[in-house]
>>> print(open('work.cif').read())   # mmCIF, C-alpha atoms; chains and numbers go by the auth columns
data_start
#
loop_
_atom_site.group_PDB
_atom_site.id
_atom_site.type_symbol
_atom_site.label_atom_id
_atom_site.label_comp_id
_atom_site.label_asym_id
_atom_site.label_seq_id
_atom_site.Cartn_x
_atom_site.Cartn_y
_atom_site.Cartn_z
_atom_site.B_iso_or_equiv
_atom_site.auth_seq_id
_atom_site.auth_asym_id
ATOM 1 C CA MET A 1 0.000 0.000 0.000 0.00 15 Y
ATOM 2 C CA ASN A 2 1.244 3.468 -0.877 0.00 16 Y
ATOM 3 C CA GLU A 3 1.193 6.168 1.812 0.00 17 Y
ATOM 4 C CA HIS A 4 0.062 8.777 -0.752 0.00 18 Y
ATOM 5 C CA TRP A 5 -3.087 7.073 -2.104 0.00 19 Y
ATOM 6 C CA THR A 6 -5.421 8.622 0.472 0.00 20 Y
ATOM 7 C CA ARG A 7 -4.092 12.123 -0.174 0.00 21 Y
ATOM 8 C CA TRP A 8 -4.259 11.695 -3.952 0.00 22 Y
ATOM 9 C CA ILE A 9 -7.853 10.442 -3.771 0.00 23 Y
ATOM 10 C CA PHE A 10 -8.904 13.306 -1.473 0.00 24 Y
ATOM 11 C CA ALA A 11 -7.156 15.961 -3.581 0.00 25 Y
ATOM 12 C CA SER A 12 -8.467 14.611 -6.894 0.00 26 Y
ATOM 13 C CA VAL A 13 -12.081 14.182 -5.774 0.00 27 Y
ATOM 14 C CA THR A 14 -12.372 17.571 -4.069 0.00 28 Y
ATOM 15 C CA LYS A 15 -10.662 19.361 -6.987 0.00 29 Y
ATOM 16 C CA TYR A 16 -12.932 17.630 -9.514 0.00 30 Y
ATOM 17 C CA ILE A 17 -16.103 18.529 -7.614 0.00 31 Y
ATOM 18 C CA LYS A 18 -15.057 22.153 -7.040 0.00 32 Y
ATOM 19 C CA GLU A 19 -14.315 22.523 -10.779 0.00 33 Y
ATOM 20 C CA HIS A 20 -17.778 21.186 -11.701 0.00 34 Y
ATOM 21 C CA LEU A 21 -19.814 23.443 -9.406 0.00 35 Y
ATOM 22 C CA THR A 22 -20.746 27.055 -10.043 0.00 36 Y
ATOM 23 C CA THR A 23 -22.141 27.414 -6.517 0.00 37 Y
ATOM 24 C CA PRO A 24 -19.376 28.460 -4.102 0.00 38 Y
ATOM 25 C CA SER A 25 -17.970 25.423 -2.298 0.00 39 Y
ATOM 26 C CA ILE A 26 -15.723 24.622 0.632 0.00 40 Y
ATOM 27 C CA ILE A 27 -14.095 21.418 1.788 0.00 41 Y
ATOM 28 C CA GLU A 28 -15.031 20.088 5.207 0.00 42 Y
ATOM 29 C CA GLY A 29 -12.490 21.410 7.672 0.00 43 Y
ATOM 30 C CA GLN A 30 -12.053 24.755 5.921 0.00 44 Y
ATOM 31 C CA HIS A 31 -13.269 27.845 7.769 0.00 45 Y
ATOM 32 C CA LYS A 32 -17.008 28.237 7.103 0.00 46 Y
ATOM 33 C CA GLY A 33 -17.622 31.589 8.666 0.00 47 Y
ATOM 34 C CA SER A 34 -20.505 32.109 11.047 0.00 48 Y
ATOM 35 C CA GLU A 35 -23.560 29.869 11.243 0.00 49 Y
ATOM 36 C CA LEU A 36 -25.517 33.025 10.529 0.00 50 Y
ATOM 37 C CA ASP A 37 -23.878 33.521 7.116 0.00 51 Y
ATOM 38 C CA GLU A 38 -26.901 33.356 4.853 0.00 52 Y
ATOM 39 C CA VAL A 39 -25.204 32.401 1.590 0.00 53 Y
ATOM 40 C CA ASP A 40 -25.642 29.639 -0.955 0.00 54 Y
ATOM 41 C CA ARG A 41 -22.804 27.114 -0.681 0.00 55 Y
ATOM 42 C CA VAL A 42 -21.831 23.473 -0.943 0.00 56 Y
ATOM 43 C CA GLU A 43 -19.652 21.750 1.631 0.00 57 Y
ATOM 44 C CA ILE A 44 -17.689 18.771 0.284 0.00 58 Y
ATOM 45 C CA ARG A 45 -17.092 15.823 2.623 0.00 59 Y
ATOM 46 C CA LEU A 46 -15.435 12.447 1.981 0.00 60 Y
ATOM 47 C CA ASP A 47 -15.560 9.277 4.075 0.00 61 Y
ATOM 48 C CA GLY A 48 -12.882 6.705 3.399 0.00 62 Y
ATOM 49 C CA PRO A 49 -11.159 5.455 1.474 0.00 63 Y
ATOM 50 C CA ILE A 50 -11.669 1.877 2.517 0.00 64 Y
ATOM 51 C CA TYR A 51 -8.992 -0.279 0.918 0.00 65 Y
ATOM 52 C CA SER A 52 -8.905 -3.954 0.069 0.00 66 Y
ATOM 53 C CA ASN A 53 -6.185 -6.037 -1.552 0.00 67 Y
ATOM 54 C CA PRO A 54 -7.913 -8.934 -3.343 0.00 68 Y
ATOM 55 C CA SER A 55 -4.691 -10.231 -4.913 0.00 69 Y
ATOM 56 C CA HIS A 56 -1.009 -9.385 -5.166 0.00 70 Y
ATOM 57 C CA GLY A 57 -0.576 -5.922 -6.701 0.00 71 Y
ATOM 58 C CA TRP A 58 -4.327 -5.466 -7.191 0.00 72 Y
ATOM 59 C CA TRP A 59 -6.124 -2.924 -4.981 0.00 73 Y
ATOM 60 C CA LYS A 60 -9.632 -1.575 -4.492 0.00 74 Y
ATOM 61 C CA ALA A 61 -10.546 1.747 -2.899 0.00 75 Y
ATOM 62 C CA TYR A 62 -14.073 2.762 -1.832 0.00 76 Y
ATOM 63 C CA ILE A 63 -15.250 6.237 -0.767 0.00 77 Y
ATOM 64 C CA GLU A 64 -18.472 7.975 0.183 0.00 78 Y
ATOM 65 C CA VAL A 65 -19.006 11.549 -1.010 0.00 79 Y
ATOM 66 C CA ASN A 66 -21.424 13.898 0.766 0.00 80 Y
ATOM 67 C CA LEU A 67 -22.264 17.337 -0.565 0.00 81 Y
ATOM 68 C CA LEU A 68 -24.061 19.420 2.057 0.00 82 Y
ATOM 69 C CA ILE A 69 -26.072 22.124 0.355 0.00 83 Y
ATOM 70 C CA GLN A 70 -27.003 25.372 2.042 0.00 84 Y
ATOM 71 C CA SER A 71 -29.409 27.638 0.167 0.00 85 Y
ATOM 72 C CA VAL A 72 -30.871 30.989 1.140 0.00 86 Y
ATOM 73 C CA ILE A 73 -34.645 31.079 1.545 0.00 87 Y
ATOM 74 C CA ASN A 74 -36.184 33.947 -0.384 0.00 88 Y
ATOM 75 C CA ASP A 75 -39.544 34.707 -2.000 0.00 89 Y
ATOM 76 C CA THR A 76 -38.132 35.469 -5.446 0.00 90 Y
ATOM 77 C CA ASP A 77 -36.294 32.190 -6.124 0.00 91 Y
ATOM 78 C CA PHE A 78 -38.169 29.227 -4.671 0.00 92 Y
ATOM 79 C CA HIS A 79 -36.188 26.764 -6.802 0.00 93 Y
ATOM 80 C CA CYS A 80 -32.689 27.861 -5.743 0.00 94 Y
ATOM 81 C CA GLN A 81 -32.078 24.757 -3.641 0.00 95 Y
ATOM 82 C CA GLU A 82 -33.293 22.466 -6.436 0.00 96 Y
ATOM 83 C CA ARG A 83 -30.899 24.050 -8.932 0.00 97 Y
ATOM 84 C CA ILE A 84 -27.963 23.534 -6.568 0.00 98 Y
ATOM 85 C CA ILE A 85 -29.049 19.927 -5.928 0.00 99 Y
ATOM 86 C CA GLY A 86 -29.208 19.351 -9.694 0.00 100 Y
ATOM 87 C CA GLU A 87 -25.768 20.875 -10.172 0.00 101 Y
ATOM 88 C CA CYS A 88 -24.350 18.596 -7.467 0.00 102 Y
ATOM 89 C CA CYS A 89 -26.008 15.500 -8.942 0.00 103 Y
ATOM 90 C CA SER A 90 -24.633 16.364 -12.361 0.00 104 Y
ATOM 91 C CA ALA A 91 -21.099 16.807 -10.993 0.00 105 Y
ATOM 92 C CA LEU A 92 -21.265 13.408 -9.292 0.00 106 Y
ATOM 93 C CA ALA A 93 -22.720 11.456 -12.179 0.00 107 Y
ATOM 94 C CA ALA A 94 -19.410 10.880 -13.959 0.00 108 Y
ATOM 95 C CA MET A 95 -16.225 8.998 -13.243 0.00 109 Y
ATOM 96 C CA ILE A 96 -13.639 10.965 -11.286 0.00 110 Y
ATOM 97 C CA PRO A 97 -10.001 10.635 -12.383 0.00 111 Y
ATOM 98 C CA ILE A 98 -7.510 10.206 -9.542 0.00 112 Y
ATOM 99 C CA TYR A 99 -4.214 11.959 -10.179 0.00 113 Y
ATOM 100 C CA LYS A 100 -1.005 11.953 -8.164 0.00 114 Y
ATOM 101 C CA TYR A 101 -1.344 15.610 -7.111 0.00 115 Y
ATOM 102 C CA GLY A 102 1.140 17.313 -4.823 0.00 116 Y
ATOM 103 C CA GLY A 103 4.638 18.705 -4.563 0.00 117 Y
ATOM 104 C CA GLY A 104 6.596 15.649 -3.410 0.00 118 Y
ATOM 105 C CA ASP A 105 8.870 13.285 -5.290 0.00 119 Y
ATOM 106 C CA ASP A 106 6.049 10.777 -5.925 0.00 120 Y
ATOM 107 C CA ASP A 107 3.588 13.482 -6.996 0.00 121 Y
ATOM 108 C CA ASP A 108 3.961 13.571 -10.780 0.00 122 Y
ATOM 109 C CA ASP A 109 0.306 14.391 -11.683 0.00 123 Y
ATOM 110 C CA SER A 110 0.008 11.045 -13.513 0.00 124 Y
ATOM 111 C CA LEU A 111 -3.255 9.095 -13.476 0.00 125 Y
ATOM 112 C CA LEU A 112 -3.614 6.483 -10.719 0.00 126 Y
ATOM 113 C CA GLY A 113 -7.094 5.337 -11.800 0.00 127 Y
ATOM 114 C CA CYS A 114 -10.737 6.437 -11.991 0.00 128 Y
ATOM 115 C CA MET A 115 -13.349 6.404 -9.256 0.00 129 Y
ATOM 116 C CA LYS A 116 -16.607 5.006 -10.671 0.00 130 Y
ATOM 117 C CA LEU A 117 -20.042 5.725 -9.254 0.00 131 Y
ATOM 118 C CA VAL A 118 -21.363 2.651 -7.457 0.00 132 Y
ATOM 119 C CA SER A 119 -24.918 1.850 -8.472 0.00 133 Y
ATOM 120 C CA ASN A 120 -27.360 -1.028 -8.832 0.00 134 Y
ATOM 121 C CA ARG A 121 -27.523 -1.454 -5.063 0.00 135 Y
ATOM 122 C CA LYS A 122 -30.406 0.066 -3.131 0.00 136 Y
ATOM 123 C CA ASP A 123 -28.275 1.883 -0.568 0.00 137 Y
ATOM 124 C CA GLU A 124 -25.554 3.079 -2.908 0.00 138 Y
ATOM 125 C CA ASP A 125 -27.175 5.089 -5.674 0.00 139 Y
ATOM 126 C CA LEU A 126 -27.094 8.854 -5.929 0.00 140 Y
ATOM 127 C CA ILE A 127 -29.199 9.908 -2.926 0.00 141 Y
ATOM 128 C CA VAL A 128 -30.797 13.329 -2.366 0.00 142 Y
ATOM 129 C CA SER A 129 -31.983 14.213 1.141 0.00 143 Y
ATOM 130 C CA ARG A 130 -33.751 17.462 2.008 0.00 144 Y
ATOM 131 C CA PHE A 131 -33.524 18.685 5.609 0.00 145 Y
ATOM 132 C CA GLY A 132 -35.464 21.932 5.214 0.00 146 Y
ATOM 133 C CA GLN A 133 -34.962 24.965 7.417 0.00 147 Y
ATOM 134 C CA LEU A 134 -33.031 23.881 10.488 0.00 148 Y
ATOM 135 C CA LYS A 135 -33.604 27.009 12.600 0.00 149 Y
ATOM 136 C CA PRO A 136 -36.584 29.341 12.207 0.00 150 Y
ATOM 137 C CA SER A 137 -34.382 32.364 12.907 0.00 151 Y
ATOM 138 C CA ILE A 138 -31.962 31.562 10.057 0.00 152 Y
ATOM 139 C CA LYS A 139 -33.249 31.856 6.476 0.00 153 Y
ATOM 140 C CA LEU A 140 -31.445 28.775 5.145 0.00 154 Y
ATOM 141 C CA ASN A 141 -32.535 25.407 3.800 0.00 155 Y
ATOM 142 C CA GLN A 142 -30.204 22.436 3.862 0.00 156 Y
ATOM 143 C CA ALA A 143 -30.029 19.329 1.727 0.00 157 Y
ATOM 144 C CA MET A 144 -27.453 16.658 0.939 0.00 158 Y
ATOM 145 C CA VAL A 145 -26.412 14.705 -2.117 0.00 159 Y
ATOM 146 C CA GLU A 146 -24.647 11.449 -1.279 0.00 160 Y
ATOM 147 C CA CYS A 147 -23.042 8.786 -3.429 0.00 161 Y
ATOM 148 C CA HIS A 148 -20.380 6.099 -3.304 0.00 162 Y
ATOM 149 C CA TYR A 149 -17.431 5.439 -5.586 0.00 163 Y
ATOM 150 C CA ASP A 150 -14.988 2.637 -6.035 0.00 164 Y
ATOM 151 C CA MET A 151 -11.793 2.189 -7.963 0.00 165 Y
ATOM 152 C CA GLU A 152 -9.700 -0.834 -8.844 0.00 166 Y
ATOM 153 C CA PHE A 153 -6.065 -0.389 -9.721 0.00 167 Y
ATOM 154 C CA ASN A 154 -2.940 -2.418 -10.226 0.00 168 Y
ATOM 155 C CA VAL A 155 0.420 -1.352 -8.797 0.00 169 Y
#
>>> encode(input="work.cif", output="structure tokens")
Amino acid sequence: MNEHWTRWIFASVTKYIKEHLTTPSIIEGQHKGSELDEVDRVEIRLDGPIYSNPSHGWWKAYIEVNLLIQSVINDTDFHCQERIIGECCSALAAMIPIYKYGGGDDDDDSLLGCMKLVSNRKDEDLIVSRFGQLKPSIKLNQAMVECHYDMEFNV
């Protein structure tokens, strides 16, 4: 197992998603500002990777991607949240290339493999959840788009 795989997967997935969204986005762990910031945004969160080694030199990596959507409630654009949800679903519907990003000796920007959307299983399709307005005093709706990816690669 290579010590850089996790970093390369995280960097590639978050970069890919940020490049495919027009709504401002942050990565979980970055400064969000105040809870009272009433702005449209997407927060990108990854769980995993979970690795397995089914045979010598052959690896599998599995991740879960969550995009937390925050949209401002206003009377002039009732469909704002739905547009952001659609944008997120569209960004997640493709394969995501995993590159060896970074500034170290092993980071040559070459392709490690491609994360593919896991589907055909009830609990692992592209899932949209709407949470609504979490606090009456804050004019924000929240929703989440969740999906799972896996990648097989030979090293």
>>> closest_atom_pairs(input="work.cif", of="stretch 18-41 of chain Y", to="stretch 63-76 of chain Y", cutoff="10 Å", atoms="all atoms listed in the file", output="CSV")
residue,atom,partner,partner_atom,distance
Y:Trp19,CA,Y:Pro63,CA,9.0
Y:Thr20,CA,Y:Pro63,CA,6.6
Y:Arg21,CA,Y:Pro63,CA,9.9
Y:Ile23,CA,Y:Pro63,CA,8.0
Y:Phe24,CA,Y:Pro63,CA,8.7
>>> closest_residue(input="work.cif", among="Y:Ser39, Y:Ser26, Y:Asn16, Y:Gln95", to="Y:Gly116", atoms="all atoms listed in the file")
Y:Ser26
>>> closest_atom_pairs(input="work.cif", of="stretch 63-135 of chain Y", to="stretch 33-36 of chain Y", cutoff="12 Å", atoms="all atoms listed in the file", output="JSON lines")
{"residue": "Y:Leu81", "atom": "CA", "partner": "Y:Leu35", "partner_atom": "CA", "distance": 11.0}
{"residue": "Y:Ile83", "atom": "CA", "partner": "Y:Leu35", "partner_atom": "CA", "distance": 11.7}
{"residue": "Y:Arg97", "atom": "CA", "partner": "Y:Thr36", "partner_atom": "CA", "distance": 10.6}
{"residue": "Y:Ile98", "atom": "CA", "partner": "Y:Leu35", "partner_atom": "CA", "distance": 8.6}
{"residue": "Y:Ile99", "atom": "CA", "partner": "Y:Leu35", "partner_atom": "CA", "distance": 10.5}
{"residue": "Y:Gly100", "atom": "CA", "partner": "Y:Leu35", "partner_atom": "CA", "distance": 10.3}
{"residue": "Y:Glu101", "atom": "CA", "partner": "Y:Leu35", "partner_atom": "CA", "distance": 6.5}
{"residue": "Y:Cys102", "atom": "CA", "partner": "Y:Leu35", "partner_atom": "CA", "distance": 6.9}
{"residue": "Y:Cys103", "atom": "CA", "partner": "Y:Leu35", "partner_atom": "CA", "distance": 10.1}
{"residue": "Y:Ser104", "atom": "CA", "partner": "Y:His34", "partner_atom": "CA", "distance": 8.4}
{"residue": "Y:Ala105", "atom": "CA", "partner": "Y:His34", "partner_atom": "CA", "distance": 5.5}
{"residue": "Y:Leu106", "atom": "CA", "partner": "Y:His34", "partner_atom": "CA", "distance": 8.9}
{"residue": "Y:Ala107", "atom": "CA", "partner": "Y:His34", "partner_atom": "CA", "distance": 10.9}
{"residue": "Y:Ala108", "atom": "CA", "partner": "Y:His34", "partner_atom": "CA", "distance": 10.7}
{"residue": "Y:Ile110", "atom": "CA", "partner": "Y:His34", "partner_atom": "CA", "distance": 11.0}
>>> closest_residue(input="work.cif", among="Y:Val132, Y:Ile87, Y:Met165, Y:Ile31", to="Y:Val53", atoms="all atoms listed in the file")
Y:Ile87
>>> axis_aligned_box(input="work.cif", around="stretch 65-76 of chain Y", padding_each_side="3 Å", output="lines of an AutoDock Vina configuration file")
center_x = -7.3
center_y = -3.7
center_z = -3.1
size_x = 19.5
size_y = 19.0
size_z = 14.1
>>> residues_around(input="work.cif", residues="Y:Leu140", least_positions_apart="3", cutoff="8 Å", atoms="all atoms listed in the file", output="list in words")
Cys103, Ser133, Val159, Glu160, Cys161 and His162 of chain Y
>>> write_last_selection(input="work.cif", atoms="C-alpha atoms", output="PDB file, keeping the file's coordinate frame")
ATOM      1  CA  CYS Y 103     -26.008  15.500  -8.942  1.00  0.00           C
ATOM      2  CA  SER Y 133     -24.918   1.850  -8.472  1.00  0.00           C
ATOM      3  CA  VAL Y 159     -26.412  14.705  -2.117  1.00  0.00           C
ATOM      4  CA  GLU Y 160     -24.647  11.449  -1.279  1.00  0.00           C
ATOM      5  CA  CYS Y 161     -23.042   8.786  -3.429  1.00  0.00           C
ATOM      6  CA  HIS Y 162     -20.380   6.099  -3.304  1.00  0.00           C
TER       7      HIS Y 162
END
>>> closest_residue(input="work.cif", among="Y:Ala25, Y:Ile40, Y:Leu148, Y:Met158", to="Y:Asp123", atoms="only C-alpha atoms")
Y:Ala25
>>> closest_residue(input="work.cif", among="Y:Asp61, Y:Glu96, Y:Asp120, Y:Glu17", to="Y:Asn80", atoms="only C-alpha atoms")
Y:Asp61
>>> atom_distance(input="work.cif", atom1="atom CA of Y:Val142", atom2="atom CA of Y:Phe167")
29.2 Å
>>> residues_near_point(input="work.cif", point="(-14.9, 20.7, 1.6)", cutoff="7 Å", atoms="all atoms listed in the file", output="number ranges by chain")
Y: 28, 39-44, 57-59
>>> closest_residue(input="work.cif", among="Y:Leu131, Y:Val86, Y:Val169, Y:Val56", to="Y:Pro111", atoms="only C-alpha atoms")
Y:Leu131
>>> atom_distance(input="work.cif", atom1="atom CA of Y:Arg55", atom2="atom CA of Y:Gln156")
9.9 Å
>>> closest_residue(input="work.cif", among="Y:Glu166, Y:Cys94, Y:Ile112, Y:Tyr30", to="Y:Leu125", atoms="only C-alpha atoms")
Y:Ile112
>>> atom_distance(input="work.cif", atom1="atom CA of Y:Lys130", atom2="atom CA of Y:Ile77")
10.1 Å
>>> resolve_selection(input="work.cif", expression="the PyMOL selection byres ((chain Y and resi 153) around 9)", output="mmCIF file with C-alpha atoms, keeping the file's coordinate frame")
data_model
loop_
_atom_site.group_PDB
_atom_site.id
_atom_site.type_symbol
_atom_site.label_atom_id
_atom_site.label_comp_id
_atom_site.auth_asym_id
_atom_site.auth_seq_id
_atom_site.Cartn_x
_atom_site.Cartn_y
_atom_site.Cartn_z
ATOM 1 C CA LEU Y 50 -25.517 33.025 10.529
ATOM 2 C CA GLU Y 52 -26.901 33.356 4.853
ATOM 3 C CA SER Y 85 -29.409 27.638 0.167
ATOM 4 C CA VAL Y 86 -30.871 30.989 1.140
ATOM 5 C CA ILE Y 87 -34.645 31.079 1.545
ATOM 6 C CA ASN Y 88 -36.184 33.947 -0.384
ATOM 7 C CA GLN Y 147 -34.962 24.965 7.417
ATOM 8 C CA LEU Y 148 -33.031 23.881 10.488
ATOM 9 C CA LYS Y 149 -33.604 27.009 12.600
ATOM 10 C CA PRO Y 150 -36.584 29.341 12.207
ATOM 11 C CA SER Y 151 -34.382 32.364 12.907
ATOM 12 C CA ILE Y 152 -31.962 31.562 10.057
ATOM 13 C CA LEU Y 154 -31.445 28.775 5.145
ATOM 14 C CA ASN Y 155 -32.535 25.407 3.800
#
>>> resolve_selection(input="work.cif", expression="the PyMOL selection byres ((chain Y and resi 145) around 6)", output="list in words")
Arg144, Gly146, Gln156 and Ala157 of chain Y
>>> write_last_selection(input="work.cif", atoms="C-alpha atoms", output="short mmCIF file (atom, residue, chain, number, x, y, z; two decimals), in the coordinates of the input")
data_model
loop_
_atom_site.label_atom_id
_atom_site.label_comp_id
_atom_site.auth_asym_id
_atom_site.auth_seq_id
_atom_site.Cartn_x
_atom_site.Cartn_y
_atom_site.Cartn_z
CA ARG Y 144 -33.75 17.46 2.01
CA GLY Y 146 -35.46 21.93 5.21
CA GLN Y 156 -30.20 22.44 3.86
CA ALA Y 157 -30.03 19.33 1.73
#
>>> build_atoms(input="work.cif", residues="stretch 24-51 of chain Y", atoms="N, CA and C atoms", output="JSON list (two decimals), in the frame of the given file")
[["chain", "number", "residue", "atom", "x", "y", "z"],
["Y", 24, "PHE", "N", -8.25, 12.12, -2.05],
["Y", 24, "PHE", "CA", -8.90, 13.31, -1.47],
["Y", 24, "PHE", "C", -8.69, 14.53, -2.36],
["Y", 25, "ALA", "N", -7.46, 14.78, -2.76],
["Y", 25, "ALA", "CA", -7.16, 15.96, -3.58],
["Y", 25, "ALA", "C", -7.86, 15.90, -4.93],
["Y", 26, "SER", "N", -7.85, 14.74, -5.56],
["Y", 26, "SER", "CA", -8.47, 14.61, -6.89],
["Y", 26, "SER", "C", -9.98, 14.76, -6.84],
["Y", 27, "VAL", "N", -10.62, 14.12, -5.87],
["Y", 27, "VAL", "CA", -12.08, 14.18, -5.77],
["Y", 27, "VAL", "C", -12.55, 15.59, -5.43],
["Y", 28, "THR", "N", -11.93, 16.22, -4.44],
["Y", 28, "THR", "CA", -12.37, 17.57, -4.07],
["Y", 28, "THR", "C", -12.10, 18.57, -5.19],
["Y", 29, "LYS", "N", -10.97, 18.45, -5.86],
["Y", 29, "LYS", "CA", -10.66, 19.36, -6.99],
["Y", 29, "LYS", "C", -11.67, 19.17, -8.11],
["Y", 30, "TYR", "N", -11.97, 17.92, -8.45],
["Y", 30, "TYR", "CA", -12.93, 17.63, -9.51],
["Y", 30, "TYR", "C", -14.30, 18.23, -9.20],
["Y", 31, "ILE", "N", -14.78, 18.02, -7.99],
["Y", 31, "ILE", "CA", -16.10, 18.53, -7.61],
["Y", 31, "ILE", "C", -16.11, 20.06, -7.64],
["Y", 32, "LYS", "N", -15.11, 20.69, -7.05],
["Y", 32, "LYS", "CA", -15.06, 22.15, -7.04],
["Y", 32, "LYS", "C", -15.06, 22.73, -8.46],
["Y", 33, "GLU", "N", -14.37, 22.05, -9.39],
["Y", 33, "GLU", "CA", -14.32, 22.52, -10.78],
["Y", 33, "GLU", "C", -15.65, 22.35, -11.50],
["Y", 34, "HIS", "N", -16.51, 21.46, -11.03],
["Y", 34, "HIS", "CA", -17.78, 21.19, -11.70],
["Y", 34, "HIS", "C", -18.98, 21.86, -11.04],
["Y", 35, "LEU", "N", -18.73, 22.70, -10.05],
["Y", 35, "LEU", "CA", -19.81, 23.44, -9.41],
["Y", 35, "LEU", "C", -19.67, 24.93, -9.70],
["Y", 36, "THR", "N", -20.78, 25.60, -9.95],
["Y", 36, "THR", "CA", -20.75, 27.06, -10.04],
["Y", 36, "THR", "C", -21.11, 27.69, -8.70],
["Y", 37, "THR", "N", -21.82, 26.94, -7.87],
["Y", 37, "THR", "CA", -22.14, 27.41, -6.52],
["Y", 37, "THR", "C", -20.85, 27.40, -5.71],
["Y", 38, "PRO", "N", -20.59, 28.46, -4.93],
["Y", 38, "PRO", "CA", -19.38, 28.46, -4.10],
["Y", 38, "PRO", "C", -19.31, 27.21, -3.23],
["Y", 39, "SER", "N", -18.11, 26.64, -3.08],
["Y", 39, "SER", "CA", -17.97, 25.42, -2.30],
["Y", 39, "SER", "C", -16.75, 25.50, -1.40],
["Y", 40, "ILE", "N", -16.84, 24.75, -0.30],
["Y", 40, "ILE", "CA", -15.72, 24.62, 0.63],
["Y", 40, "ILE", "C", -15.55, 23.14, 0.92],
["Y", 41, "ILE", "N", -14.38, 22.79, 1.40],
["Y", 41, "ILE", "CA", -14.10, 21.42, 1.79],
["Y", 41, "ILE", "C", -14.24, 21.34, 3.30],
["Y", 42, "GLU", "N", -14.87, 20.24, 3.77],
["Y", 42, "GLU", "CA", -15.03, 20.09, 5.21],
["Y", 42, "GLU", "C", -13.70, 20.29, 5.90],
["Y", 43, "GLY", "N", -13.72, 21.08, 6.95],
["Y", 43, "GLY", "CA", -12.49, 21.41, 7.67],
["Y", 43, "GLY", "C", -11.99, 22.81, 7.36],
["Y", 44, "GLN", "N", -12.40, 23.37, 6.22],
["Y", 44, "GLN", "CA", -12.05, 24.76, 5.92],
["Y", 44, "GLN", "C", -12.95, 25.67, 6.75],
["Y", 45, "HIS", "N", -12.48, 26.88, 7.00],
["Y", 45, "HIS", "CA", -13.27, 27.84, 7.77],
["Y", 45, "HIS", "C", -14.56, 28.16, 7.03],
["Y", 46, "LYS", "N", -15.70, 28.02, 7.71],
["Y", 46, "LYS", "CA", -17.01, 28.24, 7.10],
["Y", 46, "LYS", "C", -17.54, 29.64, 7.32],
["Y", 47, "GLY", "N", -17.01, 30.34, 8.28],
["Y", 47, "GLY", "CA", -17.62, 31.59, 8.67],
["Y", 47, "GLY", "C", -18.63, 31.31, 9.76],
["Y", 48, "SER", "N", -19.50, 32.23, 9.99],
["Y", 48, "SER", "CA", -20.50, 32.11, 11.05],
["Y", 48, "SER", "C", -21.69, 31.27, 10.59],
["Y", 49, "GLU", "N", -22.34, 30.61, 11.54],
["Y", 49, "GLU", "CA", -23.56, 29.87, 11.24],
["Y", 49, "GLU", "C", -24.63, 30.80, 10.67],
["Y", 50, "LEU", "N", -24.52, 32.06, 10.98],
["Y", 50, "LEU", "CA", -25.52, 33.02, 10.53],
["Y", 50, "LEU", "C", -25.25, 33.55, 9.13],
["Y", 51, "ASP", "N", -24.17, 33.10, 8.49],
["Y", 51, "ASP", "CA", -23.88, 33.52, 7.12],
["Y", 51, "ASP", "C", -24.94, 32.95, 6.18]]
